[in-house]
>>> print(open('my_file.tsv').read())   # TSV, C-alpha atoms and all ligand atoms
chain	number	residue	atom	x	y	z
S	1	MET	CA	0.00	0.00	0.00
S	2	ARG	CA	1.18	3.56	-0.72
S	3	PHE	CA	0.19	6.83	0.86
S	4	TYR	CA	0.06	10.15	-0.95
S	5	ARG	CA	0.16	13.55	0.68
S	6	ARG	CA	-1.91	16.56	-0.36
S	7	GLU	CA	0.94	19.10	0.08
S	8	ALA	CA	2.32	20.00	-3.34
S	9	GLY	CA	6.08	20.18	-3.79
S	10	LYS	CA	8.52	17.41	-4.63
S	11	GLY	CA	7.19	14.10	-5.87
S	12	ALA	CA	3.46	13.74	-6.23
S	13	ALA	CA	0.56	15.29	-4.33
S	14	TYR	CA	-2.88	13.78	-4.35
S	15	SER	CA	-5.84	15.85	-3.24
S	16	THR	CA	-9.48	16.54	-3.60
S	17	ASN	CA	-9.61	20.34	-4.20
S	18	PHE	CA	-6.29	22.10	-3.52
S	19	ASP	CA	-8.31	25.03	-2.10
S	20	LEU	CA	-10.46	22.77	0.12
S	21	TYR	CA	-9.69	24.70	3.31
S	22	GLN	CA	-10.28	28.14	1.74
S	23	SER	CA	-13.34	27.46	-0.39
S	24	LYS	CA	-16.98	27.72	0.66
S	25	ALA	CA	-17.86	24.36	-0.89
S	26	ALA	CA	-15.96	21.37	-2.22
S	27	SER	CA	-15.84	20.60	-5.95
S	28	TRP	CA	-16.37	17.08	-7.33
S	29	ARG	CA	-12.83	16.26	-8.38
S	30	ASP	CA	-9.60	14.50	-7.36
S	31	THR	CA	-6.20	15.66	-8.54
S	32	LEU	CA	-2.73	14.21	-8.85
S	33	GLN	CA	-0.14	16.97	-9.08
S	34	MET	CA	3.54	16.74	-9.99
S	35	ARG	CA	6.16	19.42	-10.45
S	36	MET	CA	8.04	18.30	-13.59
S	37	SER	CA	10.62	21.06	-13.92
S	38	PRO	CA	13.03	22.77	-13.14
S	39	VAL	CA	13.56	19.84	-10.75
S	40	GLU	CA	12.26	16.46	-11.92
S	41	PRO	CA	9.77	14.80	-9.62
S	42	ASP	CA	10.82	12.02	-7.32
S	43	TRP	CA	9.67	9.40	-9.85
S	44	GLU	CA	9.32	6.75	-7.16
S	45	ALA	CA	6.54	8.89	-5.69
S	46	VAL	CA	4.64	9.10	-8.99
S	47	PRO	CA	2.14	6.25	-9.49
S	48	GLU	CA	3.89	3.61	-11.57
S	49	MET	CA	1.00	3.16	-14.01
S	50	CYS	CA	1.40	6.72	-15.37
S	51	ARG	CA	5.13	7.35	-14.73
S	52	ALA	CA	6.49	6.67	-18.23
S	53	ALA	CA	3.56	8.32	-20.02
S	54	LEU	CA	3.84	11.50	-17.95
S	55	ALA	CA	7.59	11.78	-18.54
S	56	GLU	CA	7.05	11.42	-22.29
S	57	TRP	CA	4.11	13.84	-22.30
S	58	ASP	CA	6.10	16.47	-20.43
S	59	LYS	CA	8.85	16.35	-23.09
S	60	ALA	CA	6.35	16.80	-25.90
S	61	VAL	CA	4.59	19.62	-24.10
S	62	ALA	CA	7.85	21.46	-23.42
S	63	GLY	CA	8.62	21.45	-27.17
S	64	LEU	CA	5.19	22.75	-28.08
S	65	GLY	CA	5.39	25.32	-25.29
S	66	GLU	CA	8.60	26.71	-26.76
S	67	GLU	CA	7.02	27.09	-30.19
S	68	LEU	CA	3.88	28.72	-28.81
S	69	MET	CA	5.80	31.15	-26.62
S	70	SER	CA	7.91	32.20	-29.62
S	71	ILE	CA	4.74	32.91	-31.61
S	72	LEU	CA	3.23	34.84	-28.70
S	73	CYS	CA	6.41	36.95	-28.48
S	74	GLU	CA	6.19	37.67	-32.20
S	75	GLY	CA	2.61	38.78	-31.66
S	76	LEU	CA	3.87	41.31	-29.12
S	77	GLY	CA	6.55	42.55	-31.52
S	78	ILE	CA	9.36	41.40	-29.22
S	79	LYS	CA	12.17	38.91	-29.82
S	80	ARG	CA	11.01	35.30	-30.11
S	81	GLU	CA	13.21	34.04	-27.28
S	82	LYS	CA	12.06	36.60	-24.69
S	83	LEU	CA	9.69	34.38	-22.68
S	84	LYS	CA	12.17	31.50	-22.85
S	85	GLU	CA	14.95	33.77	-21.58
S	86	LEU	CA	12.68	34.77	-18.72
S	87	SER	CA	12.57	31.04	-17.78
S	88	CYS	CA	8.85	30.75	-18.63
S	89	LEU	CA	9.35	27.25	-20.09
S	90	GLU	CA	11.14	25.91	-17.07
S	91	GLY	CA	8.65	25.86	-14.22
S	92	ARG	CA	6.26	23.11	-15.32
S	93	VAL	CA	3.59	21.57	-13.13
S	94	CYS	CA	1.52	18.65	-14.39
S	95	VAL	CA	-1.94	18.31	-12.90
S	96	SER	CA	-4.13	15.30	-13.69
S	97	HIS	CA	-7.78	15.73	-12.79
S	98	TYR	CA	-10.30	12.96	-12.25
S	99	TYR	CA	-13.98	13.99	-12.29
S	100	PRO	CA	-16.09	10.97	-11.29
S	101	GLN	CA	-19.86	10.89	-11.72
S	102	CYS	CA	-21.54	13.24	-9.25
S	103	PRO	CA	-24.93	12.01	-7.94
S	104	GLN	CA	-26.25	15.59	-7.57
S	105	PRO	CA	-24.33	17.60	-10.18
S	106	GLU	CA	-26.61	20.62	-9.82
S	107	LEU	CA	-25.32	21.19	-6.26
S	108	THR	CA	-21.62	21.70	-7.04
S	109	VAL	CA	-19.07	21.97	-9.86
S	110	GLY	CA	-16.07	19.92	-10.96
S	111	LEU	CA	-13.72	22.92	-10.88
S	112	THR	CA	-14.68	26.44	-9.82
S	113	SER	CA	-14.49	29.31	-12.29
S	114	HIS	CA	-10.92	30.64	-12.38
S	115	THR	CA	-8.10	31.89	-14.54
S	116	ASP	CA	-4.79	30.01	-14.55
S	117	PRO	CA	-2.05	31.85	-12.66
S	118	GLY	CA	0.96	31.02	-14.88
S	119	VAL	CA	2.06	31.98	-18.38
S	120	LEU	CA	0.39	29.25	-20.46
S	121	THR	CA	-1.52	26.06	-19.74
S	122	MET	CA	-1.95	23.07	-22.06
S	123	VAL	CA	-4.90	20.82	-21.37
S	124	VAL	CA	-5.92	17.50	-22.89
S	125	GLN	CA	-9.25	15.94	-21.97
S	126	ASN	CA	-10.87	12.57	-22.53
S	127	GLU	CA	-14.09	12.03	-24.48
S	128	VAL	CA	-16.49	13.08	-21.68
S	129	GLY	CA	-17.37	16.47	-23.20
S	130	GLY	CA	-19.78	19.27	-22.38
S	131	LEU	CA	-18.23	19.97	-18.96
S	132	LEU	CA	-15.27	22.29	-19.61
S	133	GLN	CA	-16.56	25.79	-20.29
S	134	VAL	CA	-14.95	29.11	-21.12
S	135	LYS	CA	-16.43	32.53	-20.39
S	136	CYS	CA	-17.08	34.67	-23.48
S	137	GLY	CA	-18.51	38.01	-22.37
S	138	ASP	CA	-21.30	37.06	-19.94
S	139	GLU	CA	-21.86	33.61	-21.45
S	140	TRP	CA	-20.39	30.23	-20.59
S	141	VAL	CA	-19.48	28.36	-23.78
S	142	ASP	CA	-18.61	24.62	-24.02
S	143	VAL	CA	-15.06	23.67	-25.00
S	144	ASP	CA	-15.84	20.54	-27.05
S	145	ALA	CA	-13.85	17.39	-26.39
S	146	VAL	CA	-12.23	17.11	-29.83
S	147	PRO	CA	-10.08	13.93	-30.06
S	148	GLY	CA	-6.40	14.83	-30.23
S	149	ALA	CA	-6.98	18.55	-29.55
S	150	ILE	CA	-4.95	20.46	-26.98
S	151	VAL	CA	-6.63	23.38	-25.20
S	152	ILE	CA	-4.27	26.30	-24.61
S	153	ASN	CA	-5.07	28.84	-21.90
S	154	ILE	CA	-3.34	32.19	-21.53
S	155	GLY	CA	-2.56	32.65	-17.82
S	156	ASP	CA	-2.73	35.73	-15.60
S	157	LEU	CA	1.03	36.15	-15.61
S	158	LEU	CA	1.15	36.44	-19.42
S	159	GLN	CA	-1.77	38.88	-19.31
S	160	MET	CA	0.23	41.09	-16.96
S	161	MET	CA	3.59	40.62	-18.76
S	162	SER	CA	1.92	41.55	-22.04
S	163	ASN	CA	0.30	44.58	-20.37
S	164	ASP	CA	-3.18	43.30	-21.32
S	165	GLU	CA	-2.33	42.56	-24.99
S	166	TYR	CA	-3.17	38.93	-24.18
S	167	LYS	CA	-6.03	38.17	-21.84
S	168	SER	CA	-6.23	35.23	-19.47
S	169	VAL	CA	-9.34	33.18	-19.91
S	170	GLN	CA	-11.91	32.44	-17.25
S	171	HIS	CA	-12.97	28.79	-17.31
S	172	ARG	CA	-14.67	26.14	-15.19
S	173	VAL	CA	-15.67	22.48	-15.24
S	174	LEU	CA	-19.23	21.43	-14.43
S	175	ALA	CA	-19.82	18.48	-12.10
S	176	ASN	CA	-19.91	15.28	-14.12
S	177	PRO	CA	-23.49	13.90	-14.42
S	178	VAL	CA	-22.61	10.78	-16.48
S	179	GLU	CA	-21.33	7.36	-15.49
S	180	GLY	CA	-17.84	7.45	-17.01
S	181	ALA	CA	-15.26	9.70	-15.37
S	182	ARG	CA	-13.98	12.81	-17.09
S	183	VAL	CA	-10.18	12.93	-17.05
S	184	SER	CA	-7.98	15.84	-18.02
S	185	ILE	CA	-4.28	16.61	-17.82
S	186	ALA	CA	-3.15	20.21	-17.55
S	187	VAL	CA	0.47	21.32	-17.75
S	188	PHE	CA	1.09	24.78	-16.30
S	189	PHE	CA	4.06	26.81	-17.53
S	190	THR	CA	5.46	29.21	-14.95
S	191	PRO	CA	8.83	30.99	-14.70
S	192	SER	CA	11.52	29.24	-12.67
S	193	ASN	CA	13.48	32.45	-12.02
S	194	ARG	CA	12.37	33.74	-8.64
S	195	ASP	CA	14.95	36.55	-8.33
S	196	ILE	CA	13.49	39.10	-10.72
S	197	LEU	CA	10.39	41.27	-10.57
S	198	TYR	CA	7.47	40.36	-12.83
S	199	GLY	CA	5.05	42.78	-14.43
S	200	PRO	CA	4.56	44.37	-17.87
S	201	LEU	CA	7.63	43.77	-20.06
S	202	PRO	CA	9.56	47.01	-20.71
S	203	GLU	CA	9.29	46.32	-24.48
S	204	VAL	CA	5.49	46.50	-24.42
S	205	ILE	CA	5.04	49.69	-22.43
S	206	SER	CA	5.29	53.19	-23.84
S	207	THR	CA	3.90	56.65	-23.19
S	208	THR	CA	0.84	55.73	-25.22
S	209	LYS	CA	0.55	52.32	-23.52
S	210	PRO	CA	1.62	52.87	-19.91
S	211	ALA	CA	1.98	49.93	-17.53
S	212	VAL	CA	-1.39	48.69	-16.31
S	213	TYR	CA	0.15	46.53	-13.56
S	214	GLN	CA	2.59	46.97	-10.70
S	215	GLU	CA	5.72	44.83	-10.53
S	216	PHE	CA	5.74	41.97	-8.06
S	217	LYS	CA	7.80	39.04	-6.86
S	218	TYR	CA	6.69	35.67	-8.17
S	219	GLU	CA	6.71	34.20	-4.63
S	220	ASP	CA	4.32	36.90	-3.44
S	221	TYR	CA	2.09	36.28	-6.42
S	222	ILE	CA	1.91	32.50	-6.11
S	223	ARG	CA	1.42	32.70	-2.32
S	224	ARG	CA	-1.65	34.84	-2.97
S	225	PHE	CA	-2.92	32.24	-5.44
S	226	PHE	CA	-2.55	29.35	-3.00
S	227	THR	CA	-3.91	31.12	0.07
S	228	LYS	CA	-7.24	32.10	-1.43
S	229	GLU	CA	-10.05	30.09	-2.89
S	230	LEU	CA	-10.17	29.73	-6.66
S	231	ASP	CA	-12.37	32.47	-7.95
S	232	GLY	CA	-12.56	34.60	-11.08
S	233	LYS	CA	-9.91	37.16	-12.05
S	234	THR	CA	-8.95	38.38	-8.60
S	235	LEU	CA	-5.16	38.18	-9.09
S	236	THR	CA	-4.85	40.45	-12.10
S	237	ASN	CA	-7.20	42.92	-10.41
S	238	PHE	CA	-5.01	42.91	-7.30
S	239	TYR	CA	-1.90	44.05	-9.21
S	240	LYS	CA	-3.69	46.64	-11.37
S	241	PHE	CA	-2.57	50.22	-10.72
S	242	ASP	CA	-6.16	51.38	-10.66
S	243	ASN	CA	-7.66	48.50	-8.72
S	244	THR	CA	-11.15	49.94	-8.89
S	245	LYS	CA	-11.26	48.67	-12.50
S	246	ALA	CA	-12.83	45.26	-13.12
R	301	LIG	O1	-10.11	19.80	-16.33
R	301	LIG	C1	-9.97	20.71	-17.15
R	301	LIG	O2	-10.22	20.58	-18.35
R	301	LIG	C2	-9.50	22.08	-16.71
R	301	LIG	C3	-8.38	22.05	-15.74
R	301	LIG	C4	-8.02	23.42	-15.30
R	301	LIG	O3	-8.60	24.40	-15.69
R	301	LIG	C5	-6.92	23.63	-14.34
R	301	LIG	O4	-6.36	22.66	-13.82
R	301	LIG	O5	-6.60	24.80	-14.08
R	302	FE	FE	-7.52	26.17	-15.25
>>> encode(input="my_file.tsv", output="structure tokens", more="lines below")
Ligand SMILES: O=C(O)CCC(=O)C(=O)O
Ligand SMILES: [Fe+2]
Amino acid sequence: MRFYRREAGKGAAYSTNFDLYQSKAASWRDTLQMRMSPVEPDWEAVPEMCRAALAEWDKAVAGLGEELMSILCEGLGIKREKLKELSCLEGRVCVSHYYPQCPQPELTVGLTSHTDPGVLTMVVQNEVGGLLQVKCGDEWVDVDAVPGAIVINIGDLLQMMSNDEYKSVQHRVLANPVEGARVSIAVFFTPSNRDILYGPLPEVISTTKPAVYQEFKYEDYIRRFFTKELDGKTLTNFYKFDNTKA
């Protein structure tokens, strides 16, 4: 028999709702979380049945992440390697969610509405569709479970680094009403460099486009994320210069 702890860090953490002690209600979901990089997980602590597949998946995702970040830099009119140089490919956390059937799905959700805190997230989901939703204006829209498709989310950190040129996306997962479990795997890209200040990149601010956000330390930022319940776009609002704006 093996025991898993809920504290994230080295190795693998297994939990039902990482924000269980901060949230008003529990969501219908279990999660296995592993930090893949900059330090590899303690592989012995990762369940054997998914060890090899996760290692292989992380390699593939890192390659795609590099390509996507280069394109996103081009879109900002800055050099292609900028996000890579800022170590944004290096802090990778792999989170595997398991959403079993919920007997009363109308009473809770699978994952509360939130934006991802990092730079980019890549999500793959199994065939149980109709549960992942993205907010477009005031409407929740289904993200269809297309076989082989990878869902890419812009995170709050990229929104702030790009000075609002890119917007993080609010999303949620409904509680699963059907018999088969919904499974998804999300890889979060975050910077591994903890010594610099984060905020709008100097290249994207100008007198006509002044910085919308204050600079902050990544530790401070991520501590705020983990000490509150998941909910909406509160982090970007917190660092906005005029925090009366939505
Ligand atoms: O299960 C999903 O498809 C979404 C996962 C997610 O949004 C997250 O882990 O932040
Ligand atoms: Fe998310």
>>> axis_aligned_box(input="my_file.tsv", around="ligand LIG 301 (chain R)", padding_each_side="6 Å", output="AutoDock Vina command-line options")
--center_x -8.3 --center_y 22.3 --center_z -16.1 --size_x 15.9 --size_y 17.0 --size_z 16.5
>>> residues_near_ligand(input="my_file.tsv", ligand="ligand LIG 301 (chain R)", cutoff="10 Å", atoms="only C-alpha atoms and all ligand atoms", output="count of residues only")
48
>>> closest_residue(input="my_file.tsv", among="S:Phe238, S:Ile154, S:Phe216, S:Lys82", to="ligand FE 302 (chain R)", atoms="all atoms listed in the file")
S:Ile154
>>> atom_distance(input="my_file.tsv", atom1="CA of Leu235 (chain S)", atom2="CA of Glu219 (chain S)")
13.3 Å
>>> atom_distance(input="my_file.tsv", atom1="CA of Leu120 (chain S)", atom2="CA of Phe189 (chain S)")
5.3 Å
>>> atom_distance(input="my_file.tsv", atom1="CA of Asp195 (chain S)", atom2="CA of Ser87 (chain S)")
11.2 Å
>>> closest_residue(input="my_file.tsv", among="S:Pro100, S:Ala55, S:Met36, S:Val93", to="Thr16 (chain S)", atoms="all atoms listed in the file")
S:Pro100
>>> residues_around(input="my_file.tsv", residues="Ala8 (chain S)", least_positions_apart="6", cutoff="9 Å", atoms="only C-alpha atoms", output="MDAnalysis selection string")
chainID S and resid 14 18 33:35
>>> write_last_selection(input="my_file.tsv", atoms="C-alpha atoms", output="short mmCIF file (atom, residue, chain, number, x, y, z; two decimals), keeping the file's coordinate frame")
data_model
loop_
_atom_site.label_atom_id
_atom_site.label_comp_id
_atom_site.auth_asym_id
_atom_site.auth_seq_id
_atom_site.Cartn_x
_atom_site.Cartn_y
_atom_site.Cartn_z
CA TYR S 14 -2.88 13.78 -4.35
CA PHE S 18 -6.29 22.10 -3.52
CA GLN S 33 -0.14 16.97 -9.08
CA MET S 34 3.54 16.74 -9.99
CA ARG S 35 6.16 19.42 -10.45
#
>>> residues_around(input="my_file.tsv", residues="Leu76 (chain S)", least_positions_apart="6", cutoff="8 Å", atoms="only C-alpha atoms", output="list in words")
Ser162, Glu165 and Val204 of chain S
>>> closest_residue(input="my_file.tsv", among="S:Val109, S:Asp156, S:Pro210, S:Phe225", to="Ser168 (chain S)", atoms="only C-alpha atoms")
S:Asp156
